[in-house]
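As stored in work.csv (CSV, C-alpha atoms):
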chain,number,residue,atom,x,y,z
A,27,MET,CA,73.0,86.6,126.5
A,28,ASP,CA,69.8,88.4,127.2
A,29,THR,CA,71.4,91.8,127.3
A,30,PRO,CA,70.2,93.6,124.3
A,31,ILE,CA,72.8,94.9,121.8
A,32,SER,CA,72.4,98.1,119.9
A,33,LEU,CA,74.3,99.8,117.2
A,34,SER,CA,73.8,103.1,115.4
A,35,VAL,CA,75.2,104.1,112.0
A,36,PRO,CA,74.6,107.1,109.9
A,37,ALA,CA,71.4,106.8,107.9
A,38,GLU,CA,73.2,106.1,104.6
A,39,ALA,CA,73.1,103.1,102.3
A,40,GLY,CA,76.8,102.8,102.6
A,41,TYR,CA,76.6,101.7,106.2
A,42,LEU,CA,74.1,99.0,105.8
A,43,HIS,CA,76.6,96.3,105.5
A,44,VAL,CA,77.8,97.0,109.0
A,45,LEU,CA,74.3,96.4,110.4
A,46,ARG,CA,74.0,93.2,108.3
A,47,SER,CA,77.3,91.9,109.5
A,48,VAL,CA,76.5,92.6,113.2
A,49,THR,CA,73.1,90.9,112.8
A,50,ALA,CA,74.7,87.8,111.3
A,51,GLY,CA,77.4,87.9,114.0
A,52,VAL,CA,74.8,87.9,116.8
A,53,ALA,CA,72.6,85.3,115.0
A,54,ALA,CA,75.6,83.1,114.7
A,55,ARG,CA,75.6,82.6,118.4
A,56,LEU,CA,72.1,81.2,118.4
A,57,GLU,CA,70.7,77.9,117.1
A,58,ILE,CA,69.5,79.5,113.9
A,59,GLY,CA,70.0,77.8,110.6
A,60,PHE,CA,72.3,79.3,108.0
A,61,ASP,CA,69.4,79.9,105.6
A,62,ASP,CA,67.5,81.8,108.3
A,63,VAL,CA,70.5,83.9,109.3
A,64,ASP,CA,70.9,84.8,105.7
A,65,ASP,CA,67.2,85.7,105.3
A,66,LEU,CA,67.5,87.8,108.4
A,67,ARG,CA,70.4,89.7,106.9
A,68,ILE,CA,68.4,90.4,103.8
A,69,ALA,CA,65.4,91.4,105.9
A,70,VAL,CA,67.6,93.9,107.8
A,71,THR,CA,68.8,95.4,104.6
A,72,GLU,CA,65.3,95.7,103.2
A,73,SER,CA,64.1,97.2,106.4
A,74,CYS,CA,66.8,99.8,106.5
A,75,ASN,CA,66.1,100.7,102.9
A,76,ARG,CA,62.4,101.0,103.7
A,77,LEU,CA,63.3,103.4,106.4
A,78,LEU,CA,65.8,105.3,104.3
A,79,SER,CA,63.1,105.7,101.7
A,80,LEU,CA,61.4,108.1,104.1
A,81,GLY,CA,64.1,110.6,103.1
A,82,VAL,CA,65.0,111.6,106.7
A,83,ARG,CA,68.5,113.0,106.2
A,84,GLY,CA,71.5,113.3,108.4
A,85,ARG,CA,70.1,111.0,111.1
A,86,SER,CA,71.0,107.6,112.2
A,87,LEU,CA,69.8,104.1,111.7
A,88,THR,CA,69.8,101.9,114.8
A,89,ILE,CA,69.4,98.2,115.2
A,90,GLY,CA,68.6,96.7,118.6
A,91,LEU,CA,69.3,93.0,118.8
A,92,ALA,CA,67.6,90.9,121.5
A,93,PRO,CA,68.8,87.3,121.4
A,94,SER,CA,66.9,84.8,123.4
A,95,ASP,CA,66.4,81.1,123.7
A,96,ASP,CA,63.6,81.3,121.2
A,97,GLY,CA,65.3,83.3,118.6
A,98,LEU,CA,66.6,86.7,117.6
A,99,THR,CA,64.5,89.9,117.5
A,100,VAL,CA,65.9,92.8,115.6
A,101,ALA,CA,64.4,96.2,115.9
A,102,VAL,CA,65.5,98.5,113.1
A,103,GLU,CA,64.7,102.2,113.6
A,104,ILE,CA,65.5,105.5,112.0
A,105,ASP,CA,66.1,108.5,114.1
A,106,ALA,CA,63.1,110.7,113.3
A,107,GLU,CA,60.3,112.3,115.1
A,108,LEU,CA,57.0,111.7,113.3
A,109,ALA,CA,53.5,112.2,114.5
A,110,GLU,CA,52.1,109.2,112.7
A,111,TRP,CA,53.2,106.1,110.9
A,112,PRO,CA,54.6,107.3,107.6
A,113,PHE,CA,53.8,104.6,105.2
A,114,ALA,CA,50.2,104.9,104.0
A,115,GLY,CA,48.7,101.5,103.2
A,116,SER,CA,52.1,100.2,104.0
A,117,HIS,CA,51.4,96.5,104.0
A,118,GLU,CA,50.4,96.5,100.3
A,119,THR,CA,53.9,97.3,99.2
A,120,LEU,CA,56.4,95.1,97.7
A,121,ALA,CA,58.9,96.1,100.4
A,122,TRP,CA,56.6,94.9,103.2
A,123,ARG,CA,55.8,91.6,101.4
A,124,VAL,CA,59.5,90.9,101.1
A,125,ILE,CA,60.4,91.8,104.7
A,126,SER,CA,57.5,89.9,106.2
A,127,GLY,CA,58.2,86.9,103.9
A,128,LEU,CA,61.8,86.7,105.0
A,129,VAL,CA,61.3,86.4,108.8
A,130,ASP,CA,59.0,84.5,111.2
A,131,GLU,CA,57.4,87.6,112.6
A,132,ALA,CA,57.5,91.2,111.5
A,133,HIS,CA,55.6,94.3,112.5
A,134,GLU,CA,56.0,98.0,112.3
A,135,GLU,CA,55.5,100.7,115.0
A,136,LEU,CA,56.3,104.2,116.0
A,137,ARG,CA,58.6,104.3,119.1
A,138,ASP,CA,58.5,107.8,120.5
A,139,GLY,CA,58.0,109.1,116.9
A,140,ARG,CA,60.7,106.9,115.5
A,141,PRO,CA,59.6,104.5,112.7
A,142,THR,CA,60.6,101.0,113.7
A,143,ILE,CA,60.5,97.7,112.0
A,144,VAL,CA,60.7,94.7,114.3
A,145,LEU,CA,61.9,91.4,112.9
A,146,THR,CA,62.0,88.0,114.6
A,147,LYS,CA,63.7,84.8,113.5
A,148,HIS,CA,63.1,81.7,115.6
A,149,THR,CA,65.7,79.2,116.6
A,150,ILE,CA,65.6,75.7,115.2
A,151,ALA,CA,64.1,74.4,118.5
A,152,ALA,CA,61.5,77.1,118.6
A,153,GLY,CA,60.4,76.0,115.1
A,154,ALA,CA,61.9,78.2,112.5
A,155,ARG,CA,59.8,78.7,109.4
B,27,MET,CA,107.6,97.5,88.5
B,28,SER,CA,108.9,99.9,85.8
B,29,GLY,CA,107.6,98.9,82.4
B,30,GLY,CA,105.3,96.3,83.9
B,31,GLY,CA,105.3,92.8,82.6
B,32,VAL,CA,105.7,93.7,79.0
B,33,SER,CA,109.3,94.8,79.1
B,34,ARG,CA,110.3,91.6,80.8
B,35,ARG,CA,109.2,89.6,77.8
B,36,GLY,CA,111.4,91.6,75.5
B,37,ASP,CA,112.6,88.7,73.4
B,38,ASP,CA,109.3,87.7,71.9
B,39,ARG,CA,107.9,91.1,71.6
B,40,PRO,CA,106.8,91.8,68.1
B,41,ASP,CA,108.9,94.3,66.2
B,42,GLU,CA,107.2,97.7,66.6
B,43,ALA,CA,108.1,98.9,63.1
B,44,GLU,CA,106.5,95.8,61.5
B,45,VAL,CA,103.5,96.3,63.7
B,46,LEU,CA,103.2,99.9,62.5
B,47,ALA,CA,103.3,98.7,58.9
B,48,LEU,CA,100.5,96.3,59.7
B,49,PHE,CA,98.5,99.1,61.2
B,50,ALA,CA,99.0,101.1,58.1
B,51,ALA,CA,97.5,98.2,56.1
B,52,VAL,CA,94.5,97.6,58.4
B,53,GLY,CA,92.2,99.7,56.2
B,54,SER,CA,93.0,97.9,52.9
B,55,ASP,CA,94.2,94.5,54.1
B,56,ALA,CA,91.6,92.5,55.9
B,57,GLY,CA,94.2,90.1,57.1
B,58,ALA,CA,96.3,92.8,58.8
B,59,ARG,CA,94.1,93.0,61.9
B,60,ASP,CA,94.3,89.3,62.4
B,61,GLU,CA,98.0,89.3,61.9
B,62,ILE,CA,98.4,91.9,64.6
B,63,ALA,CA,96.1,89.9,66.9
B,64,LEU,CA,98.2,86.8,66.2
B,65,ARG,CA,101.5,88.5,67.0
B,66,PHE,CA,100.2,89.9,70.3
B,67,GLN,CA,98.6,86.6,71.3
B,68,PRO,CA,101.5,85.8,73.6
B,69,LEU,CA,101.1,89.2,75.4
B,70,ALA,CA,97.4,88.5,75.9
B,71,GLU,CA,98.1,85.1,77.4
B,72,TYR,CA,100.9,86.4,79.5
B,73,LEU,CA,98.7,89.1,81.0
B,74,ALA,CA,95.8,86.6,81.4
B,75,ARG,CA,98.1,84.4,83.4
B,76,LYS,CA,98.8,87.2,85.8
B,77,PHE,CA,95.1,87.2,86.7
B,78,ALA,CA,94.9,83.4,87.1
B,79,GLY,CA,94.2,81.7,90.4
B,80,ARG,CA,91.5,84.1,91.4
B,81,GLY,CA,88.6,81.8,90.8
B,82,GLU,CA,88.3,82.3,87.0
B,83,PRO,CA,89.2,79.6,84.5
B,84,PHE,CA,92.4,80.5,82.6
B,85,ASP,CA,90.7,79.9,79.2
B,86,ASP,CA,88.1,82.5,80.1
B,87,LEU,CA,90.8,85.0,81.1
B,88,VAL,CA,92.6,84.4,77.8
B,89,GLN,CA,89.3,85.2,76.0
B,90,VAL,CA,88.8,88.3,78.0
B,91,ALA,CA,92.4,89.3,77.3
B,92,ASN,CA,91.8,88.8,73.6
B,93,ILE,CA,88.8,91.0,73.6
B,94,GLY,CA,91.0,93.6,75.2
B,95,LEU,CA,93.6,93.0,72.5
B,96,LEU,CA,91.0,93.4,69.7
B,97,ASN,CA,89.7,96.6,71.3
B,98,ALA,CA,93.3,97.9,71.5
B,99,ILE,CA,93.8,97.2,67.8
B,100,ASP,CA,90.6,98.9,66.8
B,101,ARG,CA,91.3,102.0,69.0
B,102,PHE,CA,95.0,102.4,68.5
B,103,ASP,CA,96.1,105.5,66.8
B,104,PRO,CA,99.6,105.1,65.4
B,105,ASP,CA,99.9,108.8,64.7
B,106,ARG,CA,100.0,109.6,68.4
B,107,GLY,CA,103.5,108.1,68.7
B,108,ALA,CA,102.8,105.6,71.4
B,109,GLN,CA,104.0,102.0,71.1
B,110,PHE,CA,101.3,99.6,70.4
B,111,SER,CA,102.6,97.0,72.8
B,112,THR,CA,102.3,99.5,75.7
B,113,TYR,CA,98.8,100.6,74.6
B,114,ALA,CA,97.7,97.0,74.1
B,115,ALA,CA,99.0,95.9,77.6
B,116,ALA,CA,97.1,98.7,79.3
B,117,THR,CA,93.9,97.9,77.4
B,118,ILE,CA,94.1,94.2,78.0
B,119,VAL,CA,94.8,94.7,81.7
B,120,GLY,CA,91.8,97.1,81.8
B,121,GLU,CA,89.6,94.5,80.2
B,122,LEU,CA,90.7,91.8,82.7
B,123,LYS,CA,90.1,94.1,85.7
B,124,ARG,CA,86.7,95.0,84.3
B,125,HIS,CA,85.9,91.4,83.9
B,126,PHE,CA,86.6,90.7,87.6
B,127,ARG,CA,84.7,93.8,88.6
B,128,ASP,CA,81.7,92.7,86.5
B,129,LYS,CA,82.0,89.2,87.9
B,130,GLY,CA,81.8,90.9,91.3
B,131,TRP,CA,85.0,89.6,92.8
B,132,SER,CA,86.9,92.5,94.0
B,133,ILE,CA,90.5,91.6,93.4
B,134,ARG,CA,91.2,92.8,96.9
B,135,VAL,CA,89.0,90.2,98.6
B,136,PRO,CA,91.5,88.3,100.7
B,137,ARG,CA,92.4,85.0,99.3
B,138,GLY,CA,91.8,83.1,102.5
B,139,LEU,CA,88.3,84.4,102.7
B,140,GLN,CA,87.5,83.4,99.2
B,141,GLU,CA,88.7,79.9,99.8
B,142,LEU,CA,86.8,79.6,103.0
B,143,GLY,CA,83.7,80.9,101.2
B,144,LEU,CA,84.1,78.2,98.5
B,145,ARG,CA,84.6,75.5,101.2
B,146,LEU,CA,81.6,76.8,103.0
B,147,ASN,CA,79.7,76.6,99.8
B,148,ARG,CA,80.6,72.9,99.4
B,149,VAL,CA,80.0,71.9,103.0
B,150,LEU,CA,76.6,73.6,103.3
B,151,PRO,CA,74.5,71.2,101.2
B,152,VAL,CA,76.3,68.2,102.6
B,153,LEU,CA,75.6,69.2,106.2
B,154,ALA,CA,72.0,70.2,105.4
B,155,GLN,CA,71.5,66.7,103.9
B,156,THR,CA,72.9,65.0,107.0
B,157,LEU,CA,71.0,67.1,109.4
B,158,GLY,CA,67.8,67.4,107.5
B,159,ARG,CA,67.8,71.2,108.0
B,160,SER,CA,70.0,74.2,107.4
B,161,PRO,CA,73.1,73.9,109.6
B,162,THR,CA,73.8,76.5,112.2
B,163,ILE,CA,76.8,78.7,111.9
B,164,ALA,CA,78.3,76.9,114.9
B,165,GLU,CA,77.9,73.6,113.2
B,166,LEU,CA,79.5,74.9,110.0
B,167,ALA,CA,82.4,76.4,112.0
B,168,LEU,CA,83.0,73.0,113.6
B,169,GLU,CA,82.8,71.2,110.3
B,170,LEU,CA,85.2,73.6,108.6
B,171,ALA,CA,87.5,73.8,111.7
B,172,VAL,CA,87.3,77.6,111.8
B,173,THR,CA,85.7,80.0,114.2
B,174,GLU,CA,82.1,81.2,114.0
B,175,GLU,CA,83.4,84.7,113.3
B,176,ASP,CA,85.3,83.3,110.3
B,177,VAL,CA,82.1,81.8,108.9
B,178,VAL,CA,80.3,85.1,109.3
B,179,GLU,CA,83.1,86.9,107.6
B,180,ALA,CA,83.1,84.5,104.7
B,181,MET,CA,79.4,84.8,104.5
B,182,ASP,CA,79.8,88.6,104.1
B,183,ALA,CA,82.5,88.2,101.5
B,184,ILE,CA,80.5,85.7,99.5
B,185,GLN,CA,77.4,87.7,99.6
B,186,ALA,CA,79.2,90.8,98.4
B,187,TYR,CA,81.1,89.2,95.6
B,188,SER,CA,80.7,86.4,93.3
B,189,THR,CA,82.9,83.9,91.6
B,190,THR,CA,82.2,81.6,88.7
B,191,SER,CA,82.8,78.7,91.0
B,192,LEU,CA,79.8,79.7,93.0
B,193,ASP,CA,77.8,80.0,89.8
B,194,ALA,CA,78.8,76.5,88.7
B,195,PRO,CA,76.2,73.8,88.9
B,196,VAL,CA,76.2,71.8,92.1
B,197,GLY,CA,74.1,68.8,91.0
B,198,GLU,CA,75.9,65.5,90.6
B,199,GLU,CA,74.8,65.3,87.0
B,200,GLY,CA,76.4,68.7,86.5
B,201,PHE,CA,73.3,70.1,84.8
B,202,ALA,CA,73.4,73.7,84.0
B,203,PRO,CA,70.9,75.8,85.8
B,204,ILE,CA,69.5,77.0,82.6
B,205,ASP,CA,68.3,73.4,81.8
B,206,THR,CA,65.9,73.4,84.6
B,207,LEU,CA,64.5,76.7,83.7
B,208,GLY,CA,63.7,76.0,80.1
B,209,GLU,CA,59.9,75.4,80.3
B,210,PRO,CA,57.5,78.2,81.0
B,211,ASP,CA,56.5,78.1,84.6
B,212,PRO,CA,53.3,79.3,86.2
B,213,SER,CA,55.1,81.6,88.6
B,214,MET,CA,54.2,84.7,86.6
B,215,ASP,CA,50.5,84.3,87.4
B,216,ALA,CA,51.2,84.4,91.1
B,217,LEU,CA,53.7,87.1,90.7
B,218,ASP,CA,51.2,89.2,88.8
B,219,GLU,CA,50.0,90.6,92.1
B,220,TRP,CA,53.5,91.7,92.8
B,221,ALA,CA,53.8,93.0,89.4
B,222,THR,CA,51.0,95.5,90.1
B,223,LEU,CA,53.1,96.7,93.1
B,224,ALA,CA,56.3,96.7,91.1
B,225,PRO,CA,56.0,96.5,87.4
B,226,ALA,CA,59.7,95.7,87.2
B,227,VAL,CA,58.9,92.2,88.4
B,228,ARG,CA,57.7,91.5,84.9
B,229,GLU,CA,61.0,92.6,83.4
B,230,LEU,CA,63.0,90.2,85.5
B,231,PRO,CA,64.9,87.4,83.8
B,232,GLU,CA,63.2,84.0,84.2
B,233,ARG,CA,65.6,82.7,86.8
B,234,GLU,CA,65.3,85.7,89.0
B,235,ARG,CA,61.5,85.6,88.8
B,236,LYS,CA,61.6,81.9,89.7
B,237,VAL,CA,63.8,82.5,92.7
B,238,LEU,CA,61.4,85.2,93.9
B,239,TYR,CA,58.5,83.0,93.3
B,240,LEU,CA,59.9,80.0,95.1
B,241,ARG,CA,61.1,82.0,98.1
B,242,PHE,CA,58.0,84.2,98.6
B,243,PHE,CA,55.2,82.2,97.2
B,244,SER,CA,56.1,78.6,97.5
B,245,GLY,CA,57.9,79.4,100.8
B,246,LEU,CA,60.9,77.3,100.0
B,247,THR,CA,64.1,78.0,102.0
B,248,GLN,CA,67.2,79.2,100.2
B,249,SER,CA,68.7,75.8,100.3
B,250,GLU,CA,65.6,74.2,98.8
B,251,ILE,CA,65.6,76.7,96.0
B,252,ALA,CA,69.3,76.0,95.5
B,253,ALA,CA,68.7,72.3,95.1
B,254,GLN,CA,65.8,72.9,92.8
B,255,ILE,CA,67.5,75.2,90.3
B,256,GLY,CA,70.9,73.6,90.6
B,257,VAL,CA,73.0,76.4,92.1
B,258,SER,CA,74.5,76.9,95.5
B,259,GLN,CA,72.6,78.3,98.5
B,260,MET,CA,74.8,81.4,98.5
B,261,HIS,CA,74.2,81.9,94.8
B,262,VAL,CA,70.5,81.9,95.6
B,263,SER,CA,71.1,84.4,98.4
B,264,ARG,CA,72.9,86.7,96.0
B,265,ILE,CA,70.2,86.4,93.4
B,266,LEU,CA,67.6,87.3,96.0
B,267,SER,CA,69.6,90.3,97.3
B,268,GLN,CA,70.4,91.6,93.8
B,269,THR,CA,66.8,91.1,92.6
B,270,LEU,CA,65.4,92.9,95.6
B,271,GLU,CA,67.9,95.7,95.1
B,272,LEU,CA,66.9,95.9,91.4
B,273,LEU,CA,63.2,96.1,92.3
B,274,ARG,CA,63.8,98.6,95.0
B,275,GLU,CA,65.6,100.9,92.5
B,276,HIS,CA,62.6,100.6,90.2
B,277,VAL,CA,59.9,101.0,92.9
B,278,GLY,CA,61.8,103.5,94.9
B,279,ALA,CA,60.7,102.0,98.2
Can the structure in the file be given as structure tokens, please?
Amino acid sequence: MDTPISLSVPAEAGYLHVLRSVTAGVAARLEIGFDDVDDLRIAVTESCNRLLSLGVRGRSLTIGLAPSDDGLTVAVEIDAELAEWPFAGSHETLAWRVISGLVDEAHEELRDGRPTIVLTKHTIAAGAR
Amino acid sequence: MSGGGVSRRGDDRPDEAEVLALFAAVGSDAGARDEIALRFQPLAEYLARKFAGRGEPFDDLVQVANIGLLNAIDRFDPDRGAQFSTYAAATIVGELKRHFRDKGWSIRVPRGLQELGLRLNRVLPVLAQTLGRSPTIAELALELAVTEEDVVEAMDAIQAYSTTSLDAPVGEEGFAPIDTLGEPDPSMDALDEWATLAPAVRELPERERKVLYLRFFSGLTQSEIAAQIGVSQMHVSRILSQTLELLREHVGA
């Protein structure tokens, strides 16, 4: 249960539904409400699109799913090597408002140069919403 | 399949020579167009019936078929030598297929999945009411006597496609969603901030703006929004996804 799950797909919009479905499939195993699972799916889509908007071509998008008793954390990253966080003033964008509004916790970071968006949805017991 | 459905209804097929005579009169005789439409009404209904049972009311399909028929009449060129019945059938079928495509239901979505999606849609608010919260996928699977994977699959299918059944009001009084959206609401003020980030927010239809407002400013859950505006949770989900996609296209991020 605590073993992380990861999946990579080509960094193209046409593959996002695969990541959405896998996210929902893993979330389904946890005590997470249907609404929250659905919000998480939308947040994953929006996160992927945010990363795709960087215009890094021919690379992959990866989601890392870490289910726990408290909830599900999804790290969405794009395979790139950047020196610094690419979105200037990034939290003043519509995209970020939406993403952070859909999940319980959201933050962004560079992981070895890879822009990563980390989303968490809590289980019902852990106080979703 | 040669000849399609039309040839099998040979008996009541209008006489092609008479039809051509009517076409010759369309310019001068205002009644000729109606007469052609009337004669091919059975064809329109016949083709509409072939698309029935896919989540669309039959009457709506007949209307769509009739639009196709009228288009066929307007576009048909008798000088090209084709039979009108053949041309009309192709145009009507094209119109029906387009209708399903516009509605979002790919005709290829497996029937079982559609039905499960519709059942899911019915069970969701009932369970939510009983539990006082959004049910988990495991709880939904138990209620529907299917596997959790089935529920996730149906969720995917429902999100990706729409049916009129989903769009139908869910309130007991059967109020149409539009009724609850009639009065001007204050949401635009709050959304103003967003509108500076994405001017397209201003252009959104009222219902889409309202859903955006309720989800991101009032912090309501999808189910709560569904109850408030009188549609299903999954319809709210679809509105959200589609609205965000629309905004993304306009903002480019």
task = Do a neighbour search on Ile184 of chain B at 8 Å with all atoms listed in the file, toss out local chain neighbours closer than 6 positions, and write the hits as a ChimeraX atom specification.
result = /B:140,143,260
request  = Show which residues sit within 10 Å of segment 28-41 of chain A, as a ChimeraX atom specification. Count only C-alpha atoms, and ignore same-chain residues fewer than 4 positions away.
outcome  = /A:45-46,48-49,52,71,74-75,77-78,81-95,99-105
Just write the chosen residues, C-alpha atoms, as an mmCIF file, keeping the file's coordinate frame.
data_model
loop_
_atom_site.group_PDB
_atom_site.id
_atom_site.type_symbol
_atom_site.label_atom_id
_atom_site.label_comp_id
_atom_site.auth_asym_id
_atom_site.auth_seq_id
_atom_site.Cartn_x
_atom_site.Cartn_y
_atom_site.Cartn_z
ATOM 1 C CA LEU A 45 74.300 96.400 110.400
ATOM 2 C CA ARG A 46 74.000 93.200 108.300
ATOM 3 C CA VAL A 48 76.500 92.600 113.200
ATOM 4 C CA THR A 49 73.100 90.900 112.800
ATOM 5 C CA VAL A 52 74.800 87.900 116.800
ATOM 6 C CA THR A 71 68.800 95.400 104.600
ATOM 7 C CA CYS A 74 66.800 99.800 106.500
ATOM 8 C CA ASN A 75 66.100 100.700 102.900
ATOM 9 C CA LEU A 77 63.300 103.400 106.400
ATOM 10 C CA LEU A 78 65.800 105.300 104.300
ATOM 11 C CA GLY A 81 64.100 110.600 103.100
ATOM 12 C CA VAL A 82 65.000 111.600 106.700
ATOM 13 C CA ARG A 83 68.500 113.000 106.200
ATOM 14 C CA GLY A 84 71.500 113.300 108.400
ATOM 15 C CA ARG A 85 70.100 111.000 111.100
ATOM 16 C CA SER A 86 71.000 107.600 112.200
ATOM 17 C CA LEU A 87 69.800 104.100 111.700
ATOM 18 C CA THR A 88 69.800 101.900 114.800
ATOM 19 C CA ILE A 89 69.400 98.200 115.200
ATOM 20 C CA GLY A 90 68.600 96.700 118.600
ATOM 21 C CA LEU A 91 69.300 93.000 118.800
ATOM 22 C CA ALA A 92 67.600 90.900 121.500
ATOM 23 C CA PRO A 93 68.800 87.300 121.400
ATOM 24 C CA SER A 94 66.900 84.800 123.400
ATOM 25 C CA ASP A 95 66.400 81.100 123.700
ATOM 26 C CA THR A 99 64.500 89.900 117.500
ATOM 27 C CA VAL A 100 65.900 92.800 115.600
ATOM 28 C CA ALA A 101 64.400 96.200 115.900
ATOM 29 C CA VAL A 102 65.500 98.500 113.100
ATOM 30 C CA GLU A 103 64.700 102.200 113.600
ATOM 31 C CA ILE A 104 65.500 105.500 112.000
ATOM 32 C CA ASP A 105 66.100 108.500 114.100
#
inquiry  = Just the number, please: distance in Å from atom CA of Arg65 of chain B to atom CA of Glu44 of chain B, one decimal.
reply    = 10.4 Å
query = What does the distance from atom CA of Gly245 of chain B to atom CA of Arg55 of chain A come to in Å, to one decimal?
reply =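 Computing the Euclidean distance for atom CA of Gly245 of chain B and atom CA of Arg55 of chain A yields 25.2 Å.
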request  = Write out as a ChimeraX atom specification every residue belonging to chain A that has an atom at most 7 Å from any atom of chain B, counting only C-alpha atoms.
outcome  = /A:47,50-51,54,57-61,68,76,79,119-121,127
ask   = Could you pull the residues within 12 Å of Phe102 of chain B, counting all atoms listed in the file, minus those fewer than 5 positions along the same chain, as a VMD selection string?
value = chain B and resid 45 to 46 49 to 50 52 59 62 94 to 97 107 to 117
query = Separation of atom CA of Arg148 of chain B and atom CA of Asp86 of chain B, in Å?
reply =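 Spanning atom CA of Arg148 of chain B to atom CA of Asp86 of chain B is a straight-line distance of 22.8 Å.
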query = Which one is closest to Glu42 of chain B: B:Gly79, B:Pro68, B:Gly138, B:Pro104? Count only C-alpha atoms.
reply =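 The closest residue to Glu42 of chain B is B:Pro104.
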request  = Considering only C-alpha atoms, state which residue in the set B:Thr269, B:Arg101, B:Leu48, B:His276 is at the smallest distance from Pro225 of chain B.
outcome  =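 So, comparing all the options, the nearest one is B:His276.
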inquiry  = I need the residue nearest Thr146 of chain A from this list: A:Glu107, A:Glu72, A:Asp130, A:Asp65. Use only C-alpha atoms for the distance.
reply    = A:Asp130
